[in-house]
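Presented below is the structure to which this report refers.
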Amino acid sequence: MSDALLRIKNLKTWLGNGEAPVCAVDGIDLEIHKGETFVLLGESGCGKSMTALSIMRLLPPAGRIVAGSIFLGETSLLDLPENAMRRERGGRMGMIFQEPMTSLNPVLTVGTQIAEAVLIHDPGQGRDPRGRVIELLKAVGIPDPEQRYREYPHQLSGGMKQRVMIAIALAGRPELLIADEPTTALDVTIQAQVLALMKELQQKTGMAVLLITHDLGVVAEVADRVAVMYAGQIVEVAPCEAFFRAPKHPYSRKLFQSIPGREKRARRLAVIRGTVPPLDREFDGCRFADRCDAVMDICRRQVPGWTPLAGGQGVRCFLEGGAGPDSTGSPPEAAAEKTGGRQGGHPPLLEVENLKVHFPIHKGVFRRVVGHVRAVDGVSLGISAGRTLAVVGESGCGKTTVGKAILQLPRPTAGSVRFEGDELTRLSGEALRRRRSDFQIIFQDPMASMNPRMLVGDIVEEGMLAQGIGADARQRRARVGELLEQVGLPAGAAGRYPHEFSGGQRQRICVARALAVQPKLIICDEPTSALDVSVQAQILNLLQELQQAYGLSYLFITHDISVVAYLAHEVAVMYLGRVVERGTVTEVLEHPLHPYTQALLSAVPVAEPGGRRQVIRLEGDMPSPSNPPAGCHFHPRCPQAMDKCQKAYPEAVRLSETRTVSCVLLDQDS
Amino acid sequence: MANFLLSRLLSAALVVLGVVCIVFLLIHLVPGDPVEVMLGESARPADREALRAALGLNQPLAIQLADYFGGLLRLDLGASLHSRQPIAGMLAERLPATLELAGVSLLFAVVIALPLGILAAVHKDRGWDTGAMAFSLLGVSIPNFWMGPMLILVFSLWLGWTPVSGREGAGSFILPAVTLGTALAAVLARMVRSSLLEVLNEDFIRTARAKGLSQGAVIWRHGLRNAWLPVITLLGLQLGALLGGAVITETIFSWPGIGSLLVEAIQKRDYPVVQGCVLLISLAYVLVNTLTDLVYAWIDPRIRLGSG
């Protein structure tokens, strides 16, 4: 154990000083070796970020470390006076954060912000750190570093900002890099770039990385060892291989089972019942007992100790890994086969043709229109009754705008949207308002999409009132109760406010609100992106049940390929305002043909170590939709670009009844 | 940047144009016949006619407006009805007093408010914070028309440290500047505190601390630079008010500035002078607010470079 770099013993971090402080970190032990990548895995609120901030001693004002020790090499960090601690921060250990957008100071240049760190921790550079800063910018793969040195954060893309953050962390030549969800806010192709960069830097410098994430795919991609956190404690530690082969703790197993994916299509996703217990009290037994399928008597009476297992694995559970890997999994519930009838014969419920949404750009004193943001630039798609079409793409590709334009909010600039044969773009006023009961929307952030001062019952009822559904108040109230029960909430929820519910429950309320007007189509705009995976599983299950019960159609907007694989029947892949590839889930996900689809799919981390295909790395960022590249929009980043790609946007090539691809590679005639 | 500057200056010019028009129309907003209001009901018809002709009120409105603009371009604001002096000259004579008082009050306010606000933010919910906010509450609550006389009572009459009124020597600045500056310092300290508190919660502050920067460097370089914007806005508005002449305070201390000129003119029904004062005050507001916008751009690169 001489190569231990960081040793944490019995660390306890509390939040709040009142009667019942929250024990955010409740006695964790861990050891990180030199040069390894150690991953802390867990869902929101499990204490993983607080652990990282405790190591840096950067806790928020309400937080304090009440017990334990943290050693970096031979230095006891918790015993250092503040000014000595400052030399360690940014020196022997650097940290990067989840939100690169807000983690850089907007009024200082990139160069200044890196130089600050160099001046503190690299006195060898003398008074002019510029050379070293440029060197760091080069090391993190920022093109044109002399130019970037003088730029401000808002002039950089998200991926570039995260690279700058890494450069700041590297300035002190750290032995330990703490990365708190460093790629969660980034698109998958950019995530792939940043993870690869971190790996490369680690190999060059030999630093250890403590990576915090909730994404099993990211774990599989980078981890040497994994620790799973639950409710302030580490419940399992394992080498990466062993963890993915046989996770020992029931909670770890549940995490695996709740990831959506192609092979789980036919069944319901496993969910973890209940919620994380509040951490402001003493526990008499296992913290997971109330949610565990393998719970025994002893689990409630006695707090489980740490059980070391063979191969460097260890677990905090009375089962001690004795039970078979599947015994805690819920039996695959009612293998309700997805809508048997293929699409043939059904007239499409929604047909969108050549949809365009352009937003004018105003400039100058007289607000002249100087150009247009072509958010959506000629999108065609269709959904049949009872089916799910997933629209996937990275941020800024226009997928959300497509969803809103179908609802006529905003009005499309051009193109046609036919719903059951009626042209929505020509409806207006009262006629359009009446029609709105047929198509509803669910948003990404359920809290922000509900009026916080309205009772849940009123929120659900409002649409019925607007559409004249239900004869009188009593009938409507009864219906609200039914709806809430249908989405898995107690009928009593109607008398409470949105803030009294958890994230998953709030999204259920939004589903009930959408259902209240008996829609035929629901546009789901990233409805599970803000939720933990176990909660996401609940919402996906709910959406599927409702589809089967009412024959609902979904337009599912997402960037998460595993959700697409689990839920969708058809897929449309968008890039810079256009659909580049369209087809059934099998066609697109199994045999992607457009180079962008191929790159996108290859960049998605898969939750199995080693078992992944080669990542097709895309260079650079998505261009601006106000000034898209000539010809095929993707050609500047396309690994297979040819001369003719620059000339004209490729025609959509129809390959089968269901499939079209817009790429010259497939257009053999031309 | 050039674009931003140009658009700011252009819109300032438009506002000035509007202001001039409104000030010109001011005299027509007087209920009844302005001439009668000025001279009183007992005036002889011949005198009224003479005044009407002198003010140009017998001309059509368009001609009056053109004359007014023409006069402005020659810096001719007409003459006082009372003293027959040119109004531009009267304003020029009074302006330095107002500028000086505004400058000193502002300085006083900033010197008090900045450290107080910063200390309060850094030591949130502790002694410094409570004290600073108590001062701030007091400062906002005490009206100038009470504070001025009280200061005179204590420091001039009882202690005899400062002159009672007028503008002679450095000592005469103290009381009016404290009167004006206290209220300003109170609001300003509050703004500095809340603005800095907000910034200190931002993610990039955590980044700065994670670099190993000292508390002082974090607050000065990263905190305050971002906290300026709302503070500057408030400062701009308040400075505009000070430049326009603090009417009450100038009157209390017989300070020979624009504010007291305005009050005198109103009392004497000297409408052309009132017009001149209002015009000057409005221009001061426009000028200060345009400057504020330019300072924004200087501080925040997102405004300067466009948020592309």
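Each chain of the structure tokens is named A, B, ... in the order shown, its residues numbered from 1; ligands are numbered from 1 in display order.
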Using only C-alpha atoms, find each residue of segment 206-275 of chain B with at least one atom at most 9 Å away from an atom of segment 151-173 of chain B; report its shortest atom-to-atom pair and that distance in Å (one decimal), sort the rows by chain and rising residue number, and return the result as CSV.
residue,atom,partner,partner_atom,distance
B:Ile252,CA,B:Ser165,CA,7.9
B:Phe253,CA,B:Ser165,CA,4.6
B:Ser254,CA,B:Gly166,CA,5.3
B:Trp255,CA,B:Gly166,CA,5.3
B:Pro256,CA,B:Gly166,CA,7.1
Report task. Do a neighbour search on Glu100 of chain B at 10 Å with only C-alpha atoms, toss out local chain neighbours closer than 5 positions, and write the hits as a VMD selection string. Result -> chain B and resid 95 105 to 106 173 177 243 257
Same residues, C-alpha atoms, saved as an mmCIF file, in the first residue's frame:
data_model
loop_
_atom_site.group_PDB
_atom_site.id
_atom_site.type_symbol
_atom_site.label_atom_id
_atom_site.label_comp_id
_atom_site.auth_asym_id
_atom_site.auth_seq_id
_atom_site.Cartn_x
_atom_site.Cartn_y
_atom_site.Cartn_z
ATOM 1 C CA LEU B 95 -23.341 74.803 -11.673
ATOM 2 C CA SER B 105 -21.144 63.664 -1.427
ATOM 3 C CA LEU B 106 -20.476 60.854 -3.863
ATOM 4 C CA PHE B 173 -18.933 71.289 2.513
ATOM 5 C CA ALA B 177 -22.138 66.434 1.899
ATOM 6 C CA LEU B 243 -26.064 66.717 -10.440
ATOM 7 C CA GLY B 257 -26.469 75.483 -6.579
#
Requested in this report: Show which residues sit within 9 Å of Thr207 of chain B, as a PyMOL selection string. Count only C-alpha atoms, and ignore same-chain residues fewer than 3 positions away.
Outcome: (chain A and resi 95-97+103-105+165+168) or (chain B and resi 203-204+210-211)
Counting only C-alpha atoms, what are the residues of chain A within 7 Å of chain B, and for each of them which pair of atoms is the nearest and at what distance in Å, to one decimal? Sort the table by chain and rising number, as CSV.
residue,atom,partner,partner_atom,distance
A:Arg86,CA,B:Gly212,CA,4.3
A:Arg87,CA,B:Gly212,CA,6.0
A:Arg89,CA,B:Gly212,CA,4.8
A:Gly90,CA,B:Lys211,CA,4.2
A:Gly94,CA,B:Ala210,CA,6.9
A:Met95,CA,B:Ala210,CA,6.5
A:Thr102,CA,B:Asp203,CA,5.7
A:Ser103,CA,B:Phe204,CA,4.0
A:Leu104,CA,B:Phe204,CA,4.8
A:Asn105,CA,B:Phe204,CA,5.4
A:Val107,CA,B:Asp300,CA,5.5
A:Ala117,CA,B:Lys211,CA,5.6
A:His154,CA,B:Ser307,CA,6.6
A:Gln155,CA,B:Gly308,CA,6.5
A:Gly364,CA,B:Ser7,CA,6.6
A:Val365,CA,B:Ser7,CA,5.4
Query raised in the report: When distances are computed from only C-alpha atoms, which of A:Pro347, A:Gly232, A:Gly386, A:Pro623 shows the smallest separation from Leu552 of chain A?
Result: A:Gly386
Shell around Tyr68 of chain B at 12 Å using only C-alpha atoms, local window under 6 positions removed, as an mmCIF file with C-alpha atoms, in the first residue's frame:
data_model
loop_
_atom_site.group_PDB
_atom_site.id
_atom_site.type_symbol
_atom_site.label_atom_id
_atom_site.label_comp_id
_atom_site.auth_asym_id
_atom_site.auth_seq_id
_atom_site.Cartn_x
_atom_site.Cartn_y
_atom_site.Cartn_z
ATOM 1 C CA VAL B 20 -35.768 69.572 -25.183
ATOM 2 C CA CYS B 21 -39.191 69.284 -26.773
ATOM 3 C CA ILE B 22 -40.848 68.424 -23.474
ATOM 4 C CA VAL B 23 -39.075 71.228 -21.628
ATOM 5 C CA PHE B 24 -40.124 73.639 -24.337
ATOM 6 C CA LEU B 25 -43.738 72.567 -23.977
ATOM 7 C CA LEU B 55 -41.502 85.367 -24.476
ATOM 8 C CA GLY B 56 -42.580 84.882 -28.064
ATOM 9 C CA LEU B 57 -45.876 83.416 -26.900
ATOM 10 C CA GLN B 59 -46.075 83.343 -32.296
ATOM 11 C CA LEU B 61 -46.087 76.984 -31.781
ATOM 12 C CA ALA B 62 -43.812 75.733 -34.573
ATOM 13 C CA ARG B 74 -26.328 79.631 -29.396
ATOM 14 C CA LEU B 75 -26.516 78.621 -25.715
ATOM 15 C CA ASP B 76 -29.196 81.265 -25.330
ATOM 16 C CA LEU B 77 -31.881 80.141 -22.906
ATOM 17 C CA GLY B 78 -33.560 83.474 -22.690
ATOM 18 C CA PRO B 272 -37.907 80.734 -18.161
ATOM 19 C CA GLN B 275 -37.294 75.787 -17.819
ATOM 20 C CA GLY B 276 -33.540 76.263 -17.946
#
Query raised in the report: Using the chain letters and numbers from this document, which residues of segment 140-186 of chain A does DSSP assign to alpha helix (DSSP H), as a PyMOL selection string?
Result: chain A and resi 145-149+158-170
Keeping C-alpha atoms, export the residues of the selection given above as a PDB file, in the first residue's frame.
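Full text of selection_39.pdb as output:
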ATOM      1  CA  PRO A 145      -3.712  29.187 -28.161  1.00  0.00           C
ATOM      2  CA  GLU A 146      -2.195  32.665 -28.713  1.00  0.00           C
ATOM      3  CA  GLN A 147      -5.564  33.896 -29.907  1.00  0.00           C
ATOM      4  CA  ARG A 148      -7.536  32.067 -27.215  1.00  0.00           C
ATOM      5  CA  TYR A 149      -5.271  33.516 -24.523  1.00  0.00           C
ATOM      6  CA  GLY A 158     -18.761  24.364 -23.558  1.00  0.00           C
ATOM      7  CA  GLY A 159     -16.184  21.753 -24.479  1.00  0.00           C
ATOM      8  CA  MET A 160     -13.489  24.418 -24.870  1.00  0.00           C
ATOM      9  CA  LYS A 161     -14.371  25.896 -21.484  1.00  0.00           C
ATOM     10  CA  GLN A 162     -13.980  22.516 -19.841  1.00  0.00           C
ATOM     11  CA  ARG A 163     -10.571  22.241 -21.502  1.00  0.00           C
ATOM     12  CA  VAL A 164      -9.645  25.612 -20.018  1.00  0.00           C
ATOM     13  CA  MET A 165     -10.772  24.348 -16.613  1.00  0.00           C
ATOM     14  CA  ILE A 166      -8.505  21.350 -17.046  1.00  0.00           C
ATOM     15  CA  ALA A 167      -5.632  23.663 -18.016  1.00  0.00           C
ATOM     16  CA  ILE A 168      -6.184  25.626 -14.782  1.00  0.00           C
ATOM     17  CA  ALA A 169      -6.155  22.406 -12.768  1.00  0.00           C
ATOM     18  CA  LEU A 170      -2.971  21.272 -14.516  1.00  0.00           C
TER      19      LEU A 170
END
Query raised in the report: Just asking: which residues within segment 240-483 of chain A are strand (DSSP E) according to DSSP, as a PyMOL selection string?
Result: chain A and resi 307-308+314-315+348-363+368-384+388-392+414-419+422-423+439-442
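In this model, the gap between atom CA of Thr425 of chain A and atom CA of Ala516 of chain A comes to 24.3 Å.
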